[in-house]
$ cat protein_20.tsv   # TSV, C-alpha atoms
chain	number	residue	atom	x	y	z
A	1	MET	CA	1.31	-3.18	20.95
A	2	THR	CA	1.78	0.47	21.87
A	3	GLU	CA	5.53	0.25	21.79
A	4	ALA	CA	7.04	1.84	18.72
A	5	THR	CA	9.85	-0.14	17.24
A	6	GLY	CA	10.99	2.53	14.82
A	7	GLY	CA	12.39	-0.09	12.50
A	8	ILE	CA	11.61	-3.04	10.35
A	9	GLU	CA	10.76	-6.22	12.17
A	10	MET	CA	12.38	-9.22	10.63
A	11	GLU	CA	10.47	-11.87	12.52
A	12	GLU	CA	7.28	-11.88	10.52
A	13	ASP	CA	5.08	-14.89	11.15
A	14	THR	CA	3.88	-16.01	7.76
A	15	SER	CA	4.29	-19.73	8.38
A	16	GLY	CA	5.47	-20.64	4.89
A	17	LYS	CA	2.20	-19.63	3.27
A	18	VAL	CA	2.44	-18.49	-0.36
A	19	LYS	CA	-0.28	-16.25	-1.70
A	20	LYS	CA	-0.75	-14.58	-5.05
A	21	PHE	CA	-0.11	-10.85	-4.70
A	22	LEU	CA	-0.98	-8.43	-7.49
A	23	TYR	CA	0.20	-4.83	-7.33
A	24	VAL	CA	-1.95	-2.62	-9.52
A	25	ASN	CA	-0.29	0.61	-10.62
A	26	ARG	CA	-2.73	3.13	-12.02
A	27	LYS	CA	-0.98	6.45	-11.60
A	28	ALA	CA	1.71	8.37	-13.48
A	29	PRO	CA	5.21	7.97	-12.00
A	30	TYR	CA	5.51	11.64	-11.04
A	31	GLY	CA	2.97	14.19	-9.85
A	32	THR	CA	2.04	12.05	-6.85
A	33	ILE	CA	4.08	9.72	-4.67
A	34	TYR	CA	1.84	6.67	-5.14
A	35	ALA	CA	3.97	5.03	-7.82
A	36	LEU	CA	7.22	5.34	-5.87
A	37	GLU	CA	5.70	4.13	-2.62
A	38	SER	CA	4.05	1.25	-4.45
A	39	LEU	CA	7.42	0.15	-5.75
A	40	GLU	CA	8.79	0.31	-2.20
A	41	VAL	CA	6.11	-2.17	-1.14
A	42	VAL	CA	6.97	-4.48	-4.03
A	43	LEU	CA	10.66	-4.47	-3.08
A	44	ILE	CA	9.92	-5.29	0.56
A	45	ALA	CA	7.40	-7.92	-0.50
A	46	ALA	CA	10.09	-9.65	-2.52
A	47	ALA	CA	11.68	-10.82	0.74
A	48	PHE	CA	8.54	-12.79	1.59
A	49	ASP	CA	8.76	-15.34	-1.22
A	50	GLN	CA	5.21	-14.73	-2.36
A	51	ASP	CA	3.82	-15.18	-5.88
A	52	VAL	CA	4.05	-11.57	-7.10
A	53	SER	CA	2.66	-9.91	-10.23
A	54	LEU	CA	2.55	-6.26	-11.26
A	55	ALA	CA	-0.14	-4.66	-13.38
A	56	PHE	CA	0.08	-1.29	-15.12
A	57	ILE	CA	-3.19	0.35	-16.06
A	58	ASP	CA	-4.32	3.89	-17.01
A	59	ASP	CA	-1.50	6.44	-16.50
A	60	GLY	CA	0.32	3.70	-14.58
A	61	VAL	CA	1.70	2.48	-17.90
A	62	TYR	CA	3.94	5.57	-17.91
A	63	GLN	CA	5.81	4.14	-14.90
A	64	VAL	CA	7.60	1.60	-17.08
A	65	VAL	CA	8.20	3.75	-20.12
A	66	LYS	CA	11.88	3.99	-20.98
A	67	GLY	CA	13.83	7.22	-21.37
A	68	GLN	CA	12.48	9.07	-18.34
A	69	HIS	CA	14.27	12.33	-17.49
A	70	THR	CA	13.31	13.96	-14.21
A	71	LYS	CA	16.08	16.47	-13.66
A	72	GLY	CA	13.80	19.34	-14.59
A	73	ILE	CA	11.38	18.57	-11.74
A	74	ASP	CA	14.13	17.74	-9.23
A	75	VAL	CA	12.64	14.32	-8.43
A	76	LYS	CA	14.51	11.03	-8.51
A	77	ASN	CA	13.98	8.93	-11.63
A	78	PHE	CA	13.12	5.58	-10.09
A	79	SER	CA	12.27	3.76	-13.32
A	80	PRO	CA	15.64	1.86	-13.43
A	81	THR	CA	14.50	0.09	-10.24
A	82	PHE	CA	11.99	-1.85	-12.34
A	83	ARG	CA	14.97	-3.46	-14.03
A	84	ALA	CA	16.17	-4.75	-10.66
A	85	LEU	CA	12.93	-6.65	-10.03
A	86	GLU	CA	14.14	-9.56	-12.12
A	87	GLY	CA	16.85	-10.15	-9.50
A	88	TYR	CA	14.10	-10.61	-6.91
A	89	ASP	CA	12.31	-13.17	-9.09
A	90	ILE	CA	9.57	-10.67	-9.89
A	91	GLU	CA	9.10	-11.23	-13.59
A	92	LYS	CA	5.35	-11.12	-14.13
A	93	LEU	CA	4.65	-7.59	-15.35
A	94	TYR	CA	1.43	-6.91	-17.21
A	95	VAL	CA	0.52	-3.80	-19.18
A	96	GLU	CA	-3.08	-3.24	-20.20
A	97	LYS	CA	-3.32	-2.97	-23.96
A	98	GLU	CA	-6.12	-0.39	-24.01
A	99	SER	CA	-4.24	1.97	-21.68
A	100	MET	CA	-1.04	1.53	-23.67
A	101	GLU	CA	-2.67	2.24	-27.01
A	102	ALA	CA	-4.72	5.19	-25.72
A	103	ARG	CA	-1.40	6.84	-24.83
A	104	GLY	CA	0.25	6.13	-28.15
A	105	LEU	CA	2.70	3.64	-26.63
A	106	LYS	CA	4.03	0.43	-28.15
A	107	GLU	CA	5.43	-2.74	-26.66
A	108	ASP	CA	9.04	-1.71	-27.30
A	109	ASP	CA	8.62	1.56	-25.39
A	110	PHE	CA	9.07	-0.17	-22.05
A	111	ILE	CA	12.15	-0.30	-19.84
A	112	VAL	CA	11.54	-3.96	-18.90
A	113	PRO	CA	9.94	-6.93	-20.63
A	114	VAL	CA	6.20	-6.78	-20.06
A	115	LYS	CA	3.27	-8.85	-21.19
A	116	VAL	CA	0.61	-6.78	-22.91
A	117	VAL	CA	-2.88	-8.04	-22.10
A	118	SER	CA	-6.41	-6.86	-22.87
A	119	ALA	CA	-8.66	-5.34	-20.21
A	120	GLN	CA	-10.61	-8.61	-20.15
A	121	GLU	CA	-7.44	-10.64	-19.63
A	122	MET	CA	-6.43	-8.24	-16.87
A	123	ALA	CA	-9.78	-8.79	-15.19
A	124	ASP	CA	-9.30	-12.55	-15.45
A	125	LEU	CA	-5.83	-12.19	-13.92
A	126	MET	CA	-7.21	-10.21	-10.98
A	127	GLU	CA	-9.82	-12.90	-10.46
A	128	THR	CA	-7.07	-15.46	-9.78
A	129	GLN	CA	-5.29	-13.40	-7.10
A	130	ASP	CA	-5.44	-13.68	-3.29
A	131	VAL	CA	-4.35	-10.13	-2.48
A	132	VAL	CA	-4.75	-7.17	-4.82
A	133	LEU	CA	-3.09	-3.93	-3.77
A	134	SER	CA	-3.93	-0.92	-5.91
A	135	PHE	CA	-1.82	2.21	-5.71
B	1	MET	CA	-13.43	-13.61	9.32
B	2	LYS	CA	-9.93	-12.33	9.94
B	3	LEU	CA	-9.47	-8.95	8.30
B	4	GLY	CA	-6.55	-6.68	7.55
B	5	ILE	CA	-7.04	-3.02	6.67
B	6	LEU	CA	-4.83	-0.72	4.62
B	7	ILE	CA	-5.37	3.05	4.79
B	8	ASN	CA	-3.68	5.17	2.14
B	9	GLU	CA	-5.01	8.66	2.82
B	10	GLY	CA	-4.70	11.16	5.65
B	11	PRO	CA	-7.55	12.30	7.92
B	12	TYR	CA	-10.13	15.02	7.10
B	13	THR	CA	-9.03	15.80	3.52
B	14	HIS	CA	-10.14	12.42	2.31
B	15	GLN	CA	-12.99	10.19	3.47
B	16	ALA	CA	-10.86	7.03	3.33
B	17	SER	CA	-9.95	6.95	7.00
B	18	ASP	CA	-13.55	7.64	8.08
B	19	THR	CA	-14.88	4.87	5.87
B	20	ALA	CA	-12.21	2.48	7.07
B	21	TYR	CA	-13.06	3.30	10.69
B	22	LEU	CA	-16.79	2.75	10.17
B	23	PHE	CA	-16.06	-0.46	8.30
B	24	ALA	CA	-13.76	-1.71	11.06
B	25	LYS	CA	-16.28	-0.82	13.75
B	26	ALA	CA	-19.10	-2.57	11.92
B	27	ALA	CA	-16.94	-5.63	11.26
B	28	VAL	CA	-15.97	-5.94	14.92
B	29	GLU	CA	-19.62	-5.56	15.98
B	30	LYS	CA	-20.50	-8.39	13.61
B	31	GLY	CA	-17.95	-10.61	15.33
B	32	HIS	CA	-15.14	-10.39	12.79
B	33	LYS	CA	-11.55	-9.99	13.87
B	34	ILE	CA	-9.48	-7.03	12.66
B	35	HIS	CA	-5.94	-8.09	13.36
B	36	ARG	CA	-4.16	-5.08	11.96
B	37	VAL	CA	-4.68	-1.65	10.42
B	38	PHE	CA	-1.72	-0.53	8.33
B	39	PHE	CA	-1.22	3.16	7.56
B	40	TYR	CA	0.64	4.01	4.36
B	41	HIS	CA	1.18	7.00	2.06
B	42	ASP	CA	-0.52	10.06	3.66
B	43	GLY	CA	-2.41	7.55	5.80
B	44	VAL	CA	0.42	7.85	8.31
B	45	TYR	CA	-1.01	11.24	9.36
B	46	ASN	CA	-3.85	9.36	11.04
B	47	SER	CA	-1.42	8.66	13.88
B	48	ASN	CA	-0.37	12.26	14.59
B	49	ARG	CA	-0.77	12.92	18.31
B	50	LEU	CA	-0.81	16.70	17.71
B	51	THR	CA	-4.06	16.49	15.74
B	52	GLU	CA	-6.63	18.85	17.25
B	53	PRO	CA	-9.91	19.16	15.33
B	54	PRO	CA	-12.69	21.58	16.42
B	55	GLN	CA	-14.61	20.29	19.44
B	56	ASP	CA	-17.79	19.57	17.52
B	57	ASP	CA	-15.96	17.42	14.96
B	58	ARG	CA	-14.91	13.79	15.13
B	59	HIS	CA	-11.39	13.13	16.39
B	60	ILE	CA	-10.12	10.67	13.79
B	61	VAL	CA	-6.82	9.89	15.51
B	62	ASN	CA	-8.28	9.27	18.96
B	63	ARG	CA	-11.18	7.34	17.49
B	64	TRP	CA	-8.73	4.82	15.97
B	65	GLN	CA	-6.85	4.69	19.25
B	66	LYS	CA	-10.00	3.79	21.20
B	67	LEU	CA	-11.31	1.24	18.70
B	68	ALA	CA	-7.92	-0.47	18.69
B	69	LYS	CA	-7.68	-0.52	22.48
B	70	ASP	CA	-11.18	-1.92	22.91
B	71	ASN	CA	-10.68	-4.65	20.31
B	72	GLN	CA	-6.95	-5.45	20.44
B	73	ILE	CA	-6.28	-4.11	16.96
B	74	ASP	CA	-2.66	-3.61	15.95
B	75	LEU	CA	-2.25	-0.08	14.51
B	76	VAL	CA	0.90	-0.02	12.40
B	77	VAL	CA	2.37	3.06	10.73
B	78	CYS	CA	4.87	2.53	7.90
B	79	VAL	CA	8.30	3.75	8.99
B	80	ALA	CA	9.48	4.94	5.56
B	81	ALA	CA	6.25	6.79	4.76
B	82	ALA	CA	6.13	8.24	8.31
B	83	LEU	CA	9.69	9.59	8.40
B	84	ARG	CA	9.20	11.15	4.98
B	85	ARG	CA	6.23	13.05	6.42
B	86	GLY	CA	7.61	13.95	9.84
B	87	ILE	CA	5.75	11.35	11.88
B	88	LYS	CA	8.08	10.06	14.59
B	89	ASP	CA	7.83	8.53	18.05
B	90	GLU	CA	7.71	12.07	19.48
B	91	ASN	CA	4.38	12.87	17.84
B	92	LEU	CA	2.96	9.36	17.48
B	93	GLN	CA	-0.31	8.83	19.30
B	94	GLU	CA	-0.32	6.14	21.96
B	95	GLY	CA	-1.79	2.89	20.66
B	96	PHE	CA	-0.02	3.19	17.30
B	97	ARG	CA	3.38	1.73	16.52
B	98	ILE	CA	5.87	2.47	13.78
B	99	SER	CA	7.17	-0.52	11.83
B	100	GLY	CA	8.13	-1.75	8.39
B	101	LEU	CA	6.23	-2.53	5.20
B	102	GLY	CA	6.74	-6.21	5.97
B	103	GLN	CA	3.86	-5.82	8.41
B	104	LEU	CA	1.57	-5.01	5.47
B	105	ILE	CA	2.67	-8.05	3.50
B	106	GLU	CA	2.31	-10.21	6.60
B	107	SER	CA	-1.22	-8.86	7.01
B	108	GLY	CA	-2.01	-9.83	3.42
B	109	ILE	CA	-0.73	-13.33	4.02
B	110	GLN	CA	-2.38	-13.89	7.39
B	111	SER	CA	-5.80	-12.33	6.90
B	112	ASP	CA	-8.70	-13.81	4.99
B	113	ARG	CA	-9.23	-10.43	3.32
B	114	LEU	CA	-7.05	-7.35	3.09
B	115	VAL	CA	-9.28	-4.34	2.52
B	116	THR	CA	-7.84	-1.10	1.10
B	117	PHE	CA	-9.19	2.40	1.72
B	118	GLY	CA	-8.05	5.41	-0.29
B	119	ASP	CA	-6.80	5.71	-3.83
$ encode --input "protein_20.tsv" --output "structure tokens"
Amino acid sequence: MTEATGGIEMEEDTSGKVKKFLYVNRKAPYGTIYALESLEVVLIAAAFDQDVSLAFIDDGVYQVVKGQHTKGIDVKNFSPTFRALEGYDIEKLYVEKESMEARGLKEDDFIVPVKVVSAQEMADLMETQDVVLSF
Amino acid sequence: MKLGILINEGPYTHQASDTAYLFAKAAVEKGHKIHRVFFYHDGVYNSNRLTEPPQDDRHIVNRWQKLAKDNQIDLVVCVAAALRRGIKDENLQEGFRISGLGQLIESGIQSDRLVTFGD
């Protein structure tokens, strides 16, 4: 247990169990590292064949807005990675309607297909999950 | 109950690690099993062996180390988050190990509840 492996262990014992994982993204894509490191978790999680959904709430909705240009702040624009999620069978992306509208955004402002749901519907969705990770 | 813990903030600046520790301690005392604590984001700093708080303050790193040793808790530090922040085997406290994010997902699958601390 004290031995550091320094790498990713491939032999995870998850005994074929499938749980519903929801990743809740509440923060703007830049300014803090939470959004980027959340996406890193989602990409790793894809290898586990779990039932994965992503939710975008509050400033988190900005993560999936198209046309991001980050050259001026010298930070990598990671938004195209959201387009790759489809290839990992991660296709359930939910944007909260209230957050979207409060920021003057519309459904066609997003870089990937998302389902726009109300705060109540989002709450109902969370209710059905086994593991909710909020970043 | 079998519990997994996720800590997303570093020590001292943020209360997350303190709260997680007190939660873990209370859970163990109640007879629950903490099978793993996963350190992510700035949470990886909770494993820094070079941490040296004033003598009259709590030692957050060593406190985790002791709780884990006494209760066979697996303390896992995310490799990607750790390397980004300069946490390596050289300055990793004994009792912690560096591994991949898969360990977090595994914890979510295996535990009855995965409890997150920090925002």
$ residues_around --input "protein_20.tsv" --residues "region 56-62 of chain B" --least-positions-apart "5" --cutoff "8 Å" --atoms "all atoms listed in the file" --output "PyMOL selection string"
chain B and resi 11-12+17-18+46-49+51+93
$ residues_near_point --input "protein_20.tsv" --point "(-4.4, -1.8, 11.5)" --cutoff "7 Å" --atoms "only C-alpha atoms" --output "PyMOL selection string"
chain B and resi 4-6+35-38+73-76
$ atom_distance --input "protein_20.tsv" --atom1 "CA of Glu86 (chain A)" --atom2 "CA of Phe48 (chain A)"
15.2 Å
$ residues_around --input "protein_20.tsv" --residues "Ala102 (chain A)" --least-positions-apart "3" --cutoff "10 Å" --atoms "all atoms listed in the file" --output "count of residues only"
6
$ atom_distance --input "protein_20.tsv" --atom1 "CA of Leu50 (chain B)" --atom2 "CA of Ala20 (chain B)"
21.1 Å
